[in-house]
file final_0.pdb (PDB, C-alpha atoms)
ATOM      1  CA  MET A   1     -54.613  19.183  74.983
ATOM      2  CA  LYS A   2     -53.321  17.811  78.289
ATOM      3  CA  SER A   3     -51.387  21.046  78.982
ATOM      4  CA  ILE A   4     -54.530  23.111  78.363
ATOM      5  CA  TYR A   5     -56.546  20.997  80.797
ATOM      6  CA  LYS A   6     -53.753  21.259  83.347
ATOM      7  CA  GLN A   7     -53.668  25.050  83.093
ATOM      8  CA  LEU A   8     -57.445  25.203  83.467
ATOM      9  CA  ALA A   9     -57.225  22.970  86.547
ATOM     10  CA  ILE A  10     -54.627  25.220  88.127
ATOM     11  CA  ALA A  11     -56.660  28.331  87.374
ATOM     12  CA  LEU A  12     -59.757  26.730  88.894
ATOM     13  CA  ILE A  13     -57.889  25.830  92.073
ATOM     14  CA  LEU A  14     -56.551  29.362  92.438
ATOM     15  CA  ALA A  15     -60.010  30.831  92.002
ATOM     16  CA  VAL A  16     -61.490  28.556  94.673
ATOM     17  CA  ILE A  17     -58.843  28.799  97.418
ATOM     18  CA  GLY A  18     -57.763  32.463  97.168
ATOM     19  CA  ILE A  19     -54.238  33.656  97.989
ATOM     20  CA  SER A  20     -54.550  36.356 100.654
ATOM     21  CA  LEU A  21     -51.779  36.665 103.227
ATOM     22  CA  ALA A  22     -53.002  39.648 105.174
ATOM     23  CA  HIS A  23     -52.179  38.046 108.533
ATOM     24  CA  ALA A  24     -48.699  36.784 107.707
ATOM     25  CA  VAL A  25     -46.107  37.383 110.428
ATOM     26  CA  VAL A  26     -43.039  39.134 109.049
ATOM     27  CA  PRO A  27     -39.681  37.759 110.309
ATOM     28  CA  GLU A  28     -37.552  39.912 112.581
ATOM     29  CA  GLY A  29     -34.288  41.444 111.427
ATOM     30  CA  LYS A  30     -33.087  43.701 108.641
ATOM     31  CA  MET A  31     -35.321  42.768 105.717
ATOM     32  CA  VAL A  32     -33.898  43.023 102.218
ATOM     33  CA  ASN A  33     -36.304  42.872  99.288
ATOM     34  CA  PRO A  34     -35.315  40.456  96.527
ATOM     35  CA  LYS A  35     -34.539  41.788  93.086
ATOM     36  CA  ILE A  36     -37.144  39.435  91.642
ATOM     37  CA  SER A  37     -40.483  38.839  93.338
ATOM     38  CA  ILE A  38     -43.534  36.966  92.127
ATOM     39  CA  LYS A  39     -47.217  37.199  92.873
ATOM     40  CA  GLN A  40     -48.543  34.820  95.470
ATOM     41  CA  THR A  41     -49.721  31.678  93.734
ATOM     42  CA  VAL A  42     -50.524  28.026  94.324
ATOM     43  CA  VAL A  43     -49.758  25.370  91.734
ATOM     44  CA  LEU A  44     -50.280  21.667  91.322
ATOM     45  CA  GLY A  45     -47.428  19.517  92.533
ATOM     46  CA  GLY A  46     -45.539  17.664  89.834
ATOM     47  CA  SER A  47     -45.907  20.520  87.340
ATOM     48  CA  ALA A  48     -43.064  22.326  85.563
ATOM     49  CA  PHE A  49     -43.696  25.524  87.503
ATOM     50  CA  SER A  50     -40.623  27.004  89.216
ATOM     51  CA  ALA A  51     -39.686  30.276  90.907
ATOM     52  CA  LYS A  52     -36.321  31.886  91.534
ATOM     53  CA  TRP A  53     -35.294  34.746  93.830
ATOM     54  CA  LEU A  54     -31.918  36.502  93.553
ATOM     55  CA  ALA A  55     -29.976  37.708  96.572
ATOM     56  CA  PRO A  56     -29.905  41.530  96.472
ATOM     57  CA  ALA A  57     -26.209  41.932  97.281
ATOM     58  CA  VAL A  58     -23.124  40.230  98.628
ATOM     59  CA  ALA A  59     -23.897  39.552 102.293
ATOM     60  CA  LYS A  60     -24.699  36.881 104.852
ATOM     61  CA  TYR A  61     -28.436  36.155 104.878
ATOM     62  CA  GLN A  62     -31.067  34.128 106.624
ATOM     63  CA  VAL A  63     -33.719  33.093 104.087
ATOM     64  CA  TRP A  64     -37.456  33.241 104.796
ATOM     65  CA  VAL A  65     -40.323  32.172 102.548
ATOM     66  CA  GLN A  66     -43.983  33.132 102.604
ATOM     67  CA  VAL A  67     -46.618  30.382 102.408
ATOM     68  CA  PRO A  68     -49.957  31.339 100.785
ATOM     69  CA  ARG A  69     -53.333  30.094 101.934
ATOM     70  CA  GLY A  70     -54.385  26.874 100.231
ATOM     71  CA  SER A  71     -50.925  25.289 100.287
ATOM     72  CA  THR A  72     -50.898  21.578 101.152
ATOM     73  CA  ALA A  73     -47.351  20.526 100.238
ATOM     74  CA  SER A  74     -45.945  18.689 103.236
ATOM     75  CA  ASN A  75     -42.439  18.605 101.821
ATOM     76  CA  ALA A  76     -41.873  21.720  99.719
ATOM     77  CA  VAL A  77     -38.223  21.658  98.677
ATOM     78  CA  TYR A  78     -36.285  24.903  98.373
ATOM     79  CA  ARG A  79     -32.764  24.928  96.994
ATOM     80  CA  ILE A  80     -30.320  27.591  98.142
ATOM     81  CA  TYR A  81     -27.414  28.400  95.828
ATOM     82  CA  PRO A  82     -25.372  31.034  97.727
ATOM     83  CA  LYS A  83     -22.609  31.081  95.092
ATOM     84  CA  GLY A  84     -24.809  30.764  92.022
ATOM     85  CA  THR A  85     -25.040  27.755  89.729
ATOM     86  CA  SER A  86     -24.505  26.845  86.124
ATOM     87  CA  VAL A  87     -27.505  26.043  83.936
ATOM     88  CA  SER A  88     -26.450  22.421  83.637
ATOM     89  CA  ASN A  89     -26.053  21.909  87.393
ATOM     90  CA  ILE A  90     -29.084  19.802  88.280
ATOM     91  CA  VAL A  91     -27.563  17.891  91.209
ATOM     92  CA  CYS A  92     -27.831  19.700  94.536
ATOM     93  CA  SER A  93     -24.661  19.137  96.550
ATOM     94  CA  SER A  94     -23.452  21.141  99.526
ATOM     95  CA  THR A  95     -19.922  19.869  98.888
ATOM     96  CA  ASP A  96     -19.721  21.280  95.369
ATOM     97  CA  SER A  97     -16.630  23.490  95.614
ATOM     98  CA  THR A  98     -17.741  25.820  92.807
ATOM     99  CA  TYR A  99     -21.535  25.955  93.111
ATOM    100  CA  PRO A 100     -22.616  24.532  96.497
ATOM    101  CA  CYS A 101     -26.343  23.846  96.851
ATOM    102  CA  PHE A 102     -28.342  23.375 100.055
ATOM    103  CA  GLU A 103     -31.816  21.865 100.290
ATOM    104  CA  ALA A 104     -34.300  22.995 102.946
ATOM    105  CA  THR A 105     -37.821  21.583 103.225
ATOM    106  CA  VAL A 106     -40.989  23.285 104.474
ATOM    107  CA  ASP A 107     -44.175  21.673 105.734
ATOM    108  CA  GLN A 108     -46.544  24.185 104.204
ATOM    109  CA  MET A 109     -49.566  22.858 106.069
ATOM    110  CA  THR A 110     -47.876  23.871 109.335
ATOM    111  CA  ALA A 111     -46.581  27.204 108.037
ATOM    112  CA  ILE A 112     -49.677  28.173 106.055
ATOM    113  CA  LYS A 113     -50.490  31.893 105.805
ATOM    114  CA  GLY A 114     -47.212  32.897 107.393
ATOM    115  CA  TRP A 115     -43.462  33.183 107.100
ATOM    116  CA  VAL A 116     -41.086  30.292 107.690
ATOM    117  CA  GLN A 117     -37.304  30.293 107.832
ATOM    118  CA  LEU A 118     -35.309  27.909 105.658
ATOM    119  CA  THR A 119     -32.978  26.063 107.998
ATOM    120  CA  LEU A 120     -30.606  23.138 108.082
ATOM    121  CA  ASN A 121     -31.247  20.598 110.857
ATOM    122  CA  ASN A 122     -33.809  22.991 112.397
ATOM    123  CA  ASP A 123     -31.020  25.404 113.354
ATOM    124  CA  THR A 124     -32.530  28.914 113.476
ATOM    125  CA  ASN A 125     -29.017  30.370 113.167
ATOM    126  CA  THR A 126     -28.775  28.977 109.632
ATOM    127  CA  ALA A 127     -27.450  31.628 107.244
ATOM    128  CA  TRP A 128     -25.498  31.591 104.014
ATOM    129  CA  ASP A 129     -22.767  33.823 102.571
ATOM    130  CA  PHE A 130     -24.378  34.890  99.294
ATOM    131  CA  ASN A 131     -22.456  36.421  96.446
ATOM    132  CA  ALA A 132     -23.956  38.685  93.801
ATOM    133  CA  PHE A 133     -25.190  35.669  91.822
ATOM    134  CA  GLY A 134     -26.627  33.615  94.678
ATOM    135  CA  PHE A 135     -30.291  32.669  94.559
ATOM    136  CA  VAL A 136     -33.085  30.495  95.973
ATOM    137  CA  ARG A 137     -35.248  28.214  93.821
ATOM    138  CA  VAL A 138     -38.409  26.160  94.357
ATOM    139  CA  ASN A 139     -39.789  23.725  91.804
ATOM    140  CA  ALA A 140     -43.269  22.213  91.764
ATOM    141  CA  GLY A 141     -41.817  19.127  90.113
ATOM    142  CA  ALA A 142     -40.333  18.106  93.459
ATOM    143  CA  THR A 143     -43.787  18.074  95.088
ATOM    144  CA  SER A 144     -46.301  15.251  94.890
ATOM    145  CA  ASN A 145     -48.912  15.815  92.151
ATOM    146  CA  THR A 146     -51.622  15.246  94.775
ATOM    147  CA  GLU A 147     -50.526  18.328  96.720
ATOM    148  CA  LEU A 148     -50.686  22.065  96.149
ATOM    149  CA  LEU A 149     -47.410  23.997  96.282
ATOM    150  CA  GLY A 150     -47.774  27.542  97.603
ATOM    151  CA  VAL A 151     -45.338  30.074  96.209
ATOM    152  CA  ALA A 152     -45.200  33.697  97.325
ATOM    153  CA  GLN A 153     -42.112  35.755  98.066
ATOM    154  CA  THR A 154     -38.749  35.145  99.628
ATOM    155  CA  ARG A 155     -37.034  37.567 101.986
ATOM    156  CA  PHE A 156     -33.317  37.801 102.629
ATOM    157  CA  VAL A 157     -32.538  38.899 106.190
ATOM    158  CA  ASP A 158     -29.085  40.455 106.365
ATOM    159  CA  VAL A 159     -27.184  39.012 109.334
ATOM    160  CA  THR A 160     -23.708  40.086 108.223
ATOM    161  CA  PRO A 161     -21.679  40.594 111.421
ATOM    162  CA  VAL A 162     -20.967  44.219 112.288
ATOM    163  CA  ASP A 163     -17.472  44.958 113.513
ATOM    164  CA  THR A 164     -18.123  46.667 116.849
ATOM    165  CA  ASN A 165     -14.459  47.441 117.388
ATOM    166  CA  PRO A 166     -12.983  48.493 114.032
ATOM    167  CA  LEU A 167      -9.291  49.250 113.838
ATOM    168  CA  ALA A 168      -8.349  52.911 113.587
ATOM    169  CA  ILE A 169      -5.304  55.152 113.203
ATOM    170  CA  GLY A 170      -4.050  56.130 116.660
ATOM    171  CA  GLN A 171      -5.429  52.989 118.333
ATOM    172  CA  ALA A 172      -3.205  51.127 120.792
ATOM    173  CA  TYR A 173      -2.764  47.678 119.308
ATOM    174  CA  GLN A 174      -0.359  44.738 119.474
ATOM    175  CA  GLY A 175       2.482  46.403 121.317
ATOM    176  CA  GLY A 176       2.244  49.901 119.866
ATOM    177  CA  ILE A 177       0.029  52.414 118.055
ATOM    178  CA  ILE A 178      -1.523  51.982 114.599
ATOM    179  CA  PHE A 179      -0.322  54.623 112.141
ATOM    180  CA  TYR A 180      -1.292  53.019 108.816
ATOM    181  CA  LEU A 181      -4.206  50.838 107.621
ATOM    182  CA  ASP A 182      -4.827  49.258 104.230
ATOM    183  CA  SER A 183      -8.050  49.894 102.301
ATOM    184  CA  ALA A 184      -9.799  46.948 103.989
ATOM    185  CA  LYS A 185      -8.740  48.237 107.423
ATOM    186  CA  ALA A 186      -7.667  44.701 108.272
ATOM    187  CA  HIS A 187      -3.872  45.067 108.015
ATOM    188  CA  GLY A 188      -1.440  47.865 108.580
ATOM    189  CA  LEU A 189       1.568  49.188 110.464
ATOM    190  CA  ILE A 190       2.179  49.815 114.169
ATOM    191  CA  ALA A 191       4.712  52.214 115.668
ATOM    192  CA  ALA A 192       6.578  51.457 118.867
ATOM    193  CA  PRO A 193       5.260  53.720 121.665
ATOM    194  CA  ALA A 194       8.593  55.566 122.049
ATOM    195  CA  ASP A 195      11.817  56.255 120.159
ATOM    196  CA  GLN A 196      14.476  53.549 120.330
ATOM    197  CA  SER A 197      17.350  55.997 120.030
ATOM    198  CA  THR A 198      17.987  59.709 119.673
ATOM    199  CA  GLY A 199      21.407  59.241 118.075
ATOM    200  CA  ILE A 200      22.522  56.069 116.283
ATOM    201  CA  GLN A 201      24.221  55.584 112.922
ATOM    202  CA  TRP A 202      22.710  53.721 109.966
ATOM    203  CA  TYR A 203      25.814  51.707 109.112
ATOM    204  CA  ASN A 204      27.870  49.343 111.263
ATOM    205  CA  GLY A 205      31.116  51.271 110.944
ATOM    206  CA  THR A 206      31.890  50.445 107.316
ATOM    207  CA  TYR A 207      30.317  51.764 104.128
ATOM    208  CA  THR A 208      28.772  49.030 102.009
ATOM    209  CA  VAL A 209      25.924  48.402  99.596
ATOM    210  CA  THR A 210      23.273  46.423 101.466
ATOM    211  CA  GLY A 211      20.634  46.167  98.748
ATOM    212  CA  ALA A 212      17.955  47.686 101.019
ATOM    213  CA  THR A 213      16.517  49.793  98.221
ATOM    214  CA  GLY A 214      12.787  49.338  98.874
ATOM    215  CA  THR A 215      10.932  52.593  99.461
ATOM    216  CA  ALA A 216       7.270  51.563  99.265
ATOM    217  CA  ILE A 217       4.916  50.647 102.083
ATOM    218  CA  GLY A 218       5.489  46.990 102.811
ATOM    219  CA  THR A 219       9.243  46.962 102.109
ATOM    220  CA  GLY A 220      10.606  47.980 105.518
ATOM    221  CA  GLN A 221      10.922  44.443 106.848
ATOM    222  CA  ALA A 222      12.765  43.220 103.754
ATOM    223  CA  ASN A 223      15.074  46.257 103.912
ATOM    224  CA  THR A 224      15.863  45.572 107.553
ATOM    225  CA  ASN A 225      16.645  41.925 106.815
ATOM    226  CA  ALA A 226      18.939  42.943 103.946
ATOM    227  CA  ILE A 227      20.802  45.481 106.090
ATOM    228  CA  ILE A 228      21.418  42.964 108.875
ATOM    229  CA  THR A 229      22.472  40.254 106.419
ATOM    230  CA  ALA A 230      25.025  42.647 104.904
ATOM    231  CA  GLN A 231      26.288  44.218 108.153
ATOM    232  CA  GLY A 232      25.928  41.484 110.762
ATOM    233  CA  ALA A 233      26.027  41.992 114.534
ATOM    234  CA  GLY A 234      26.598  45.423 116.028
ATOM    235  CA  SER A 235      24.902  48.609 117.144
ATOM    236  CA  TYR A 236      23.135  50.413 114.303
ATOM    237  CA  ALA A 237      19.613  51.553 113.396
ATOM    238  CA  ALA A 238      18.231  48.438 111.691
ATOM    239  CA  LYS A 239      19.759  46.040 114.244
ATOM    240  CA  LEU A 240      18.349  48.116 117.106
ATOM    241  CA  CYS A 241      14.831  47.669 115.683
ATOM    242  CA  ASP A 242      15.318  43.987 114.891
ATOM    243  CA  ASP A 243      16.423  43.264 118.471
ATOM    244  CA  LEU A 244      13.495  45.153 120.023
ATOM    245  CA  VAL A 245      10.834  43.342 122.076
ATOM    246  CA  VAL A 246       7.789  45.400 123.113
ATOM    247  CA  GLY A 247       4.447  44.124 124.370
ATOM    248  CA  GLY A 248       5.536  40.548 123.697
ATOM    249  CA  TYR A 249       6.216  41.301 119.995
ATOM    250  CA  SER A 250       9.703  40.824 118.534
ATOM    251  CA  ASP A 251       9.085  41.412 114.804
ATOM    252  CA  TRP A 252       9.945  45.127 114.737
ATOM    253  CA  PHE A 253      11.878  46.701 111.875
ATOM    254  CA  LEU A 254      13.211  50.025 110.591
ATOM    255  CA  PRO A 255      10.522  51.630 108.368
ATOM    256  CA  SER A 256      11.070  52.192 104.660
ATOM    257  CA  GLN A 257      11.031  55.716 103.213
ATOM    258  CA  ASN A 258       7.273  55.723 102.496
ATOM    259  CA  GLU A 259       6.423  53.935 105.735
ATOM    260  CA  LEU A 260       8.364  56.620 107.588
ATOM    261  CA  ASN A 261       6.375  59.286 105.747
ATOM    262  CA  GLU A 262       3.100  57.672 106.904
ATOM    263  CA  LEU A 263       4.496  57.729 110.409
ATOM    264  CA  TYR A 264       5.266  61.442 110.048
ATOM    265  CA  LYS A 265       1.750  62.208 108.723
ATOM    266  CA  ASN A 266       0.261  60.581 111.824
ATOM    267  CA  LYS A 267       2.881  61.686 114.343
ATOM    268  CA  VAL A 268       0.351  63.642 116.421
ATOM    269  CA  VAL A 269      -1.954  60.670 117.088
ATOM    270  CA  VAL A 270       0.992  58.309 117.624
ATOM    271  CA  GLY A 271       2.873  60.754 119.855
ATOM    272  CA  GLY A 272       6.309  60.955 121.451
ATOM    273  CA  PHE A 273       8.232  62.248 118.443
ATOM    274  CA  ALA A 274      11.013  64.809 118.576
ATOM    275  CA  GLY A 275      11.535  67.574 116.006
ATOM    276  CA  ALA A 276      14.477  65.568 114.688
ATOM    277  CA  TRP A 277      15.730  63.554 111.725
ATOM    278  CA  TYR A 278      14.545  59.932 111.729
ATOM    279  CA  TRP A 279      16.228  57.120 109.860
ATOM    280  CA  SER A 280      14.437  55.023 107.263
ATOM    281  CA  SER A 281      15.681  51.605 106.117
ATOM    282  CA  SER A 282      15.843  52.772 102.487
ATOM    283  CA  GLU A 283      19.381  52.931 101.182
ATOM    284  CA  TYR A 284      20.182  55.708  98.695
ATOM    285  CA  ASN A 285      23.651  54.579  97.639
ATOM    286  CA  TYR A 286      26.970  53.263  98.946
ATOM    287  CA  TYR A 287      27.388  56.220 101.330
ATOM    288  CA  ASP A 288      23.881  57.514 102.053
ATOM    289  CA  ALA A 289      20.425  56.487 103.283
ATOM    290  CA  TRP A 290      17.050  58.246 103.438
ATOM    291  CA  LEU A 291      15.830  60.186 106.489
ATOM    292  CA  GLN A 292      12.860  62.409 107.303
ATOM    293  CA  TYR A 293      12.767  65.534 109.437
ATOM    294  CA  PHE A 294       9.803  65.325 111.803
ATOM    295  CA  GLY A 295       9.760  69.072 112.299
ATOM    296  CA  SER A 296       8.664  69.831 108.717
ATOM    297  CA  GLY A 297       8.257  66.476 106.948
ATOM    298  CA  VAL A 298      11.070  67.040 104.428
ATOM    299  CA  GLN A 299      12.962  63.932 103.300
ATOM    300  CA  ASP A 300      16.621  63.811 102.329
ATOM    301  CA  TYR A 301      19.562  61.420 102.253
ATOM    302  CA  PHE A 302      22.559  61.747 104.551
ATOM    303  CA  SER A 303      25.744  59.846 105.229
ATOM    304  CA  LYS A 304      25.139  56.453 106.855
ATOM    305  CA  ALA A 305      27.676  57.500 109.489
ATOM    306  CA  THR A 306      25.347  60.261 110.746
ATOM    307  CA  THR A 307      23.800  59.658 114.178
ATOM    308  CA  ASP A 308      20.042  60.228 114.065
ATOM    309  CA  THR A 309      16.782  59.179 115.708
ATOM    310  CA  VAL A 310      15.021  55.816 115.302
ATOM    311  CA  ARG A 311      11.421  54.690 115.799
ATOM    312  CA  ALA A 312      10.741  51.005 115.139
ATOM    313  CA  VAL A 313       7.562  49.728 113.481
ATOM    314  CA  ARG A 314       5.917  46.346 112.871
ATOM    315  CA  ALA A 315       3.303  45.010 110.455
ATOM    316  CA  PHE A 316       0.064  43.147 111.244
TER     317      PHE A 316
END

call {"tool": "encode", "arguments": {"input": "final_0.pdb", "output": "structure tokens"}}
result
Amino acid sequence: MKSIYKQLAIALILAVIGISLAHAVVPEGKMVNPKISIKQTVVLGGSAFSAKWLAPAVAKYQVWVQVPRGSTASNAVYRIYPKGTSVSNIVCSSTDSTYPCFEATVDQMTAIKGWVQLTLNNDTNTAWDFNAFGFVRVNAGATSNTELLGVAQTRFVDVTPVDTNPLAIGQAYQGGIIFYLDSAKAHGLIAAPADQSTGIQWYNGTYTVTGATGTAIGTGQANTNAIITAQGAGSYAAKLCDDLVVGGYSDWFLPSQNELNELYKNKVVVGGFAGAWYWSSSEYNYYDAWLQYFGSGVQDYFSKATTDTVRAVRAF
């Protein structure tokens, strides 16, 4: 019977106070509607009523809540779970490495009939990196049973930083020119701004197996290290690249077969290439290594004793 009386009391309060928010001030910024919204309502503090709003997507958000008319809770507690939480996680801890939880309080009497931002230490720059399971929760059980907790909607304001200077193929960067970027456009390969030689041999005067067999993107540095370990000091393609210092950078290497092909595909935006054969660091066998002709793009393997062109690259 007590639960029935409690429900009737709540209904009576709602009928008396009303819940209009026609004059609410909407927060500035890119507003993102939550996946779950609830009707504006006011409930008795101390009750089992709770509301939950899911973040709409993976992003960095400020969180704003709407306070309906009739709210009197002076310390409405909202819990922000940017990484989600397990059902059994009832302790709110910002230091939880798996499911961190942040508590923000709102004086609803001050913010009544308007929007208020959930902040930490009154810092208006407060924002959280939400994942797809992050959410915000408010529970009437955390409010005094002599107060009325107003619950309306929550808005997520996307404040994810926008990269105003994204990296691009052909961009001058870190001592050379970008000719390859990974899918995240955060890492890639840079070509030296000019050829290092128009005629230098791959080997150091003696045929040998160096073990520089990598052909894929990302193997050029390891190939170069293997060649130098096997051949030592001298004047040859890989050593020429390894000794290079341009723009303050000294980590240049001879590109692998596939790295060289990427360089060929972007030769126009990089610039300075001759219609000549360029060495890669990819060894074919005891006698030969891979090259690419920058006039047509064809790849082939020639004797390591051949003198051909070299363009060094570096990774970032």

call {"tool": "resolve_selection", "arguments": {"input": "final_0.pdb", "expression": "the PyMOL selection byres ((chain A and resi 123-126) around 10)", "output": "list of chain:residue names"}}
result
A:Tyr61, A:Gln62, A:Val63, A:Gln117, A:Leu118, A:Thr119, A:Leu120, A:Asn121, A:Asn122, A:Ala127, A:Trp128, A:Val159

call {"tool": "residues_near_point", "arguments": {"input": "final_0.pdb", "point": "(-6.5, 52.4, 110.7)", "cutoff": "10 Å", "atoms": "all atoms listed in the file", "output": "list in words"}}
result
Pro166, Leu167, Ala168, Ile169, Gly170, Gln171, Ile177, Ile178, Phe179, Tyr180, Leu181, Asp182, Ser183, Ala184, Lys185, Ala186, His187, Gly188, Leu189 and Ile190 of chain A

call {"tool": "resolve_selection", "arguments": {"input": "final_0.pdb", "expression": "the PyMOL selection byres ((chain A and resi 42) around 6)", "output": "list of chain:residue names"}}
result
A:Thr41, A:Val43, A:Leu149, A:Gly150, A:Val151

call {"tool": "residues_around", "arguments": {"input": "final_0.pdb", "residues": "Asn223 in chain A", "least_positions_apart": "3", "cutoff": "8 Å", "atoms": "all atoms listed in the file", "output": "VMD selection string"}}
result
chain A and resid 211 to 214 219 to 220 226 to 227 254 256 281 to 282

call {"tool": "resolve_selection", "arguments": {"input": "final_0.pdb", "expression": "the PyMOL selection byres ((chain A and resi 74-78) around 10)", "output": "PyMOL selection string"}}
result
chain A and resi 45+51-52+65+71-73+79-81+102-111+118+136-144+147-151

call {"tool": "write_last_selection", "arguments": {"input": "final_0.pdb", "atoms": "C-alpha atoms", "output": "PDB file, keeping the file's coordinate frame"}}
result
ATOM      1  CA  GLY A  45     -47.428  19.517  92.533  1.00  0.00           C
ATOM      2  CA  ALA A  51     -39.686  30.276  90.907  1.00  0.00           C
ATOM      3  CA  LYS A  52     -36.321  31.886  91.534  1.00  0.00           C
ATOM      4  CA  VAL A  65     -40.323  32.172 102.548  1.00  0.00           C
ATOM      5  CA  SER A  71     -50.925  25.289 100.287  1.00  0.00           C
ATOM      6  CA  THR A  72     -50.898  21.578 101.152  1.00  0.00           C
ATOM      7  CA  ALA A  73     -47.351  20.526 100.238  1.00  0.00           C
ATOM      8  CA  ARG A  79     -32.764  24.928  96.994  1.00  0.00           C
ATOM      9  CA  ILE A  80     -30.320  27.591  98.142  1.00  0.00           C
ATOM     10  CA  TYR A  81     -27.414  28.400  95.828  1.00  0.00           C
ATOM     11  CA  PHE A 102     -28.342  23.375 100.055  1.00  0.00           C
ATOM     12  CA  GLU A 103     -31.816  21.865 100.290  1.00  0.00           C
ATOM     13  CA  ALA A 104     -34.300  22.995 102.946  1.00  0.00           C
ATOM     14  CA  THR A 105     -37.821  21.583 103.225  1.00  0.00           C
ATOM     15  CA  VAL A 106     -40.989  23.285 104.474  1.00  0.00           C
ATOM     16  CA  ASP A 107     -44.175  21.673 105.734  1.00  0.00           C
ATOM     17  CA  GLN A 108     -46.544  24.185 104.204  1.00  0.00           C
ATOM     18  CA  MET A 109     -49.566  22.858 106.069  1.00  0.00           C
ATOM     19  CA  THR A 110     -47.876  23.871 109.335  1.00  0.00           C
ATOM     20  CA  ALA A 111     -46.581  27.204 108.037  1.00  0.00           C
ATOM     21  CA  LEU A 118     -35.309  27.909 105.658  1.00  0.00           C
ATOM     22  CA  VAL A 136     -33.085  30.495  95.973  1.00  0.00           C
ATOM     23  CA  ARG A 137     -35.248  28.214  93.821  1.00  0.00           C
ATOM     24  CA  VAL A 138     -38.409  26.160  94.357  1.00  0.00           C
ATOM     25  CA  ASN A 139     -39.789  23.725  91.804  1.00  0.00           C
ATOM     26  CA  ALA A 140     -43.269  22.213  91.764  1.00  0.00           C
ATOM     27  CA  GLY A 141     -41.817  19.127  90.113  1.00  0.00           C
ATOM     28  CA  ALA A 142     -40.333  18.106  93.459  1.00  0.00           C
ATOM     29  CA  THR A 143     -43.787  18.074  95.088  1.00  0.00           C
ATOM     30  CA  SER A 144     -46.301  15.251  94.890  1.00  0.00           C
ATOM     31  CA  GLU A 147     -50.526  18.328  96.720  1.00  0.00           C
ATOM     32  CA  LEU A 148     -50.686  22.065  96.149  1.00  0.00           C
ATOM     33  CA  LEU A 149     -47.410  23.997  96.282  1.00  0.00           C
ATOM     34  CA  GLY A 150     -47.774  27.542  97.603  1.00  0.00           C
ATOM     35  CA  VAL A 151     -45.338  30.074  96.209  1.00  0.00           C
TER      36      VAL A 151
END

call {"tool": "atom_distance", "arguments": {"input": "final_0.pdb", "atom1": "CA of Ser94 in chain A", "atom2": "CA of Gly134 in chain A"}}
result
13.8 Å

call {"tool": "atom_distance", "arguments": {"input": "final_0.pdb", "atom1": "CA of Gln40 in chain A", "atom2": "CA of Gln153 in chain A"}}
result
7.0 Å

call {"tool": "atom_distance", "arguments": {"input": "final_0.pdb", "atom1": "CA of Gly176 in chain A", "atom2": "CA of Asp308 in chain A"}}
result
21.4 Å

call {"tool": "closest_residue", "arguments": {"input": "final_0.pdb", "among": "A:Leu54, A:Leu44, A:Leu260, A:Leu291", "to": "Ile217 in chain A", "atoms": "all atoms listed in the file"}}
result
A:Leu260

call {"tool": "closest_residue", "arguments": {"input": "final_0.pdb", "among": "A:Val269, A:Ala216, A:Val58, A:Ile112", "to": "Lys83 in chain A", "atoms": "only C-alpha atoms"}}
result
A:Val58

call {"tool": "residues_around", "arguments": {"input": "final_0.pdb", "residues": "Gly205 in chain A", "least_positions_apart": "6", "cutoff": "10 Å", "atoms": "all atoms listed in the file", "output": "NGL selection string"}}
result
:A and (231 or 234-236 or 304-305)

call {"tool": "closest_residue", "arguments": {"input": "final_0.pdb", "among": "A:Ser86, A:Gln196, A:Thr229, A:Thr210", "to": "Ala312 in chain A", "atoms": "only C-alpha atoms"}}
result
A:Gln196

call {"tool": "closest_residue", "arguments": {"input": "final_0.pdb", "among": "A:Val313, A:Ala172, A:Ile228, A:Ala233", "to": "Leu263 in chain A", "atoms": "all atoms listed in the file"}}
result
A:Val313

call {"tool": "closest_residue", "arguments": {"input": "final_0.pdb", "among": "A:Phe133, A:Phe302, A:Trp279, A:Phe316", "to": "Tyr173 in chain A", "atoms": "only C-alpha atoms"}}
result
A:Phe316

call {"tool": "residues_around", "arguments": {"input": "final_0.pdb", "residues": "Tyr249 in chain A", "least_positions_apart": "6", "cutoff": "10 Å", "atoms": "all atoms listed in the file", "output": "mmCIF file with C-alpha atoms, in the coordinates of the input"}}
result
data_model
loop_
_atom_site.group_PDB
_atom_site.id
_atom_site.type_symbol
_atom_site.label_atom_id
_atom_site.label_comp_id
_atom_site.auth_asym_id
_atom_site.auth_seq_id
_atom_site.Cartn_x
_atom_site.Cartn_y
_atom_site.Cartn_z
ATOM 1 C CA GLN A 174 -0.359 44.738 119.474
ATOM 2 C CA GLY A 175 2.482 46.403 121.317
ATOM 3 C CA GLY A 176 2.244 49.901 119.866
ATOM 4 C CA ARG A 314 5.917 46.346 112.871
#

call {"tool": "closest_residue", "arguments": {"input": "final_0.pdb", "among": "A:Ser97, A:Asn225, A:Gln299, A:Thr206", "to": "Phe253 in chain A", "atoms": "all atoms listed in the file"}}
result
A:Asn225

call {"tool": "residues_around", "arguments": {"input": "final_0.pdb", "residues": "Thr306 in chain A", "least_positions_apart": "6", "cutoff": "10 Å", "atoms": "only C-alpha atoms", "output": "PyMOL selection string"}}
result
chain A and resi 199-203+279+288-289
